[in-house]
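Everything below concerns the one structure shown next.
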Amino acid sequence: MKIEDMKKITTKRGDTGVSANYSNELLPKDALLFEVLGDLDELSSALGIAWHRHPSETVKTIQTVLQAISSLVATNPETDAERYRALRPIGEDYVKMLEDEGTRRLQGHPFQAKFYLPGSEGTEAGAYYDLARAIARRAERTLVRFIRAEGRNDIYPSLKYLNRLSDYLFVMARTV
């Protein structure tokens with residue numbers, strides 16, 4: 001279906017300072033939920049820019065996983081259990097993929113164990129991956145606050161993924 005009219009995109013709910021989660025519950029736009037989702041969206045966008053400087057299929061996979069995490073965060077498992085159960089969980093296999101890919105990259109491009117200035121040492125592509133890494137760290141902190149505030153222990157595996165992702169992006173920044 002082609003969308004050719006803005007009326008098909010806009011809900012106008014945001015005009016009043018509210019938005020809906022994936023479970024269609026209305027919440028204030030400044031709710032912590034939307035802060036988490038915004039950080040994840042910004043991270044995926046930064047990865048998209050980095051990808052244009054140094055394409056990697058792993059980056060596209062990461063963006064897909066970030067969308068899955070966003071869906072988990074945006075769905076209330078208490079009020080929308082059926083929809084929540086249909087979502088793809090974030091498992092250890094995702095974390096292992098990042099670890100394995102990071103090791104593979106390091107074997108091809110080892111670097112010194114030292115402090116690196118973000119974005120200023122290496123390549124332009126590396127600088128973009130450093131930016132994505134910093135955003136990943138923020139998303140991780142925001143997700144921790146969300147898990148604690150909302151009691152959403154079900155998404156701890158997503159937190160582990162974000163933590164490992166920032167490590168992987170550090171490696172990417174040094175090896176592109």
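Numbering starts fresh at 1 for the residues of each chain in the structure tokens, the chains themselves are lettered A, B, ... in the order given, and ligands are numbered from 1 as they appear.
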
Distance query region 57-71 of chain A at most 6 Å, only C-alpha atoms, self and fewer than 3 positions along chain excluded, as a VMD selection string: chain A and resid 37 44 74

Considering only C-alpha atoms, tabulate each residue of region 72-133 of chain A that lies at most 12 Å from region 139-159 of chain A along with its nearest interatomic pair and the corresponding distance in Å to one decimal; arrange the rows by chain and ascending residue number and present them as a tab-separated table.
residue	atom	partner	partner_atom	distance
A:Leu72	CA	A:Ile155	CA	7.3
A:Val73	CA	A:Ile155	CA	7.3
A:Ala74	CA	A:Ile155	CA	10.9
A:Thr75	CA	A:Arg152	CA	10.7
A:Asn76	CA	A:Arg152	CA	9.2
A:Pro77	CA	A:Arg152	CA	9.0
A:Glu78	CA	A:Arg152	CA	10.2
A:Tyr84	CA	A:Asp154	CA	10.7
A:Arg85	CA	A:Asp154	CA	11.5
A:Leu87	CA	A:Ile155	CA	12.0
A:Arg88	CA	A:Ser158	CA	11.3
A:Pro89	CA	A:Pro157	CA	8.4
A:Ile90	CA	A:Ser158	CA	5.9
A:Gly91	CA	A:Pro157	CA	6.4
A:Glu92	CA	A:Pro157	CA	7.6
A:Asp93	CA	A:Pro157	CA	10.6
A:Tyr94	CA	A:Ser158	CA	9.5
A:Val95	CA	A:Pro157	CA	8.8
A:Ala132	CA	A:Ala139	CA	10.3
A:Arg133	CA	A:Ala139	CA	9.8

So the first atom is CA of Glu121 (chain A) and the second is CA of His109 (chain A); what is the distance between them in Å, to one decimal place? 14.6 Å

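Excluding Gly122 (chain A) itself and same-chain residues fewer than 4 positions from it, the residues having an atom within 10 Å of it are Tyr116, Leu117, Pro118, Gly126, Ala127, Ala173, Arg174, Thr175 and Val176 of chain A, counting only C-alpha atoms.
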
Taking the DSSP secondary structure from the backbone, can you list the residues of chain A that are alpha helix (DSSP H), as a PyMOL selection string? chain A and resi 32-53+57-74+81-86+92-108+124-150+156-175

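Shortest separation to Ser45 (chain A) among A:Lys8, A:Thr103, A:Asp15, A:Tyr129 occurs at residue A:Tyr129, atoms counted being only C-alpha atoms.
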
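Computed from the coordinates, the CA of Arg137 (chain A) to CA of Val36 (chain A) distance equals 11.7 Å.
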
From chain A, collect each residue whose DSSP state is strand (DSSP E) and return the set as JSON, numbers by chain. {"A": [18, 19, 20, 26, 27, 28]}

Taken to one decimal, the CA of Leu47 (chain A)-CA of Leu27 (chain A) distance is 28.0 Å

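Distance check against Asp100 (chain A) using only C-alpha atoms: of A:Lys29, A:Lys12, A:Arg138, A:Arg164, the minimum falls on A:Arg164.
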
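In this comparison, which uses only C-alpha atoms, the residue of A:Phe111, A:Arg53, A:Leu169, A:Leu98 approaching Thr123 (chain A) most closely is A:Arg53.
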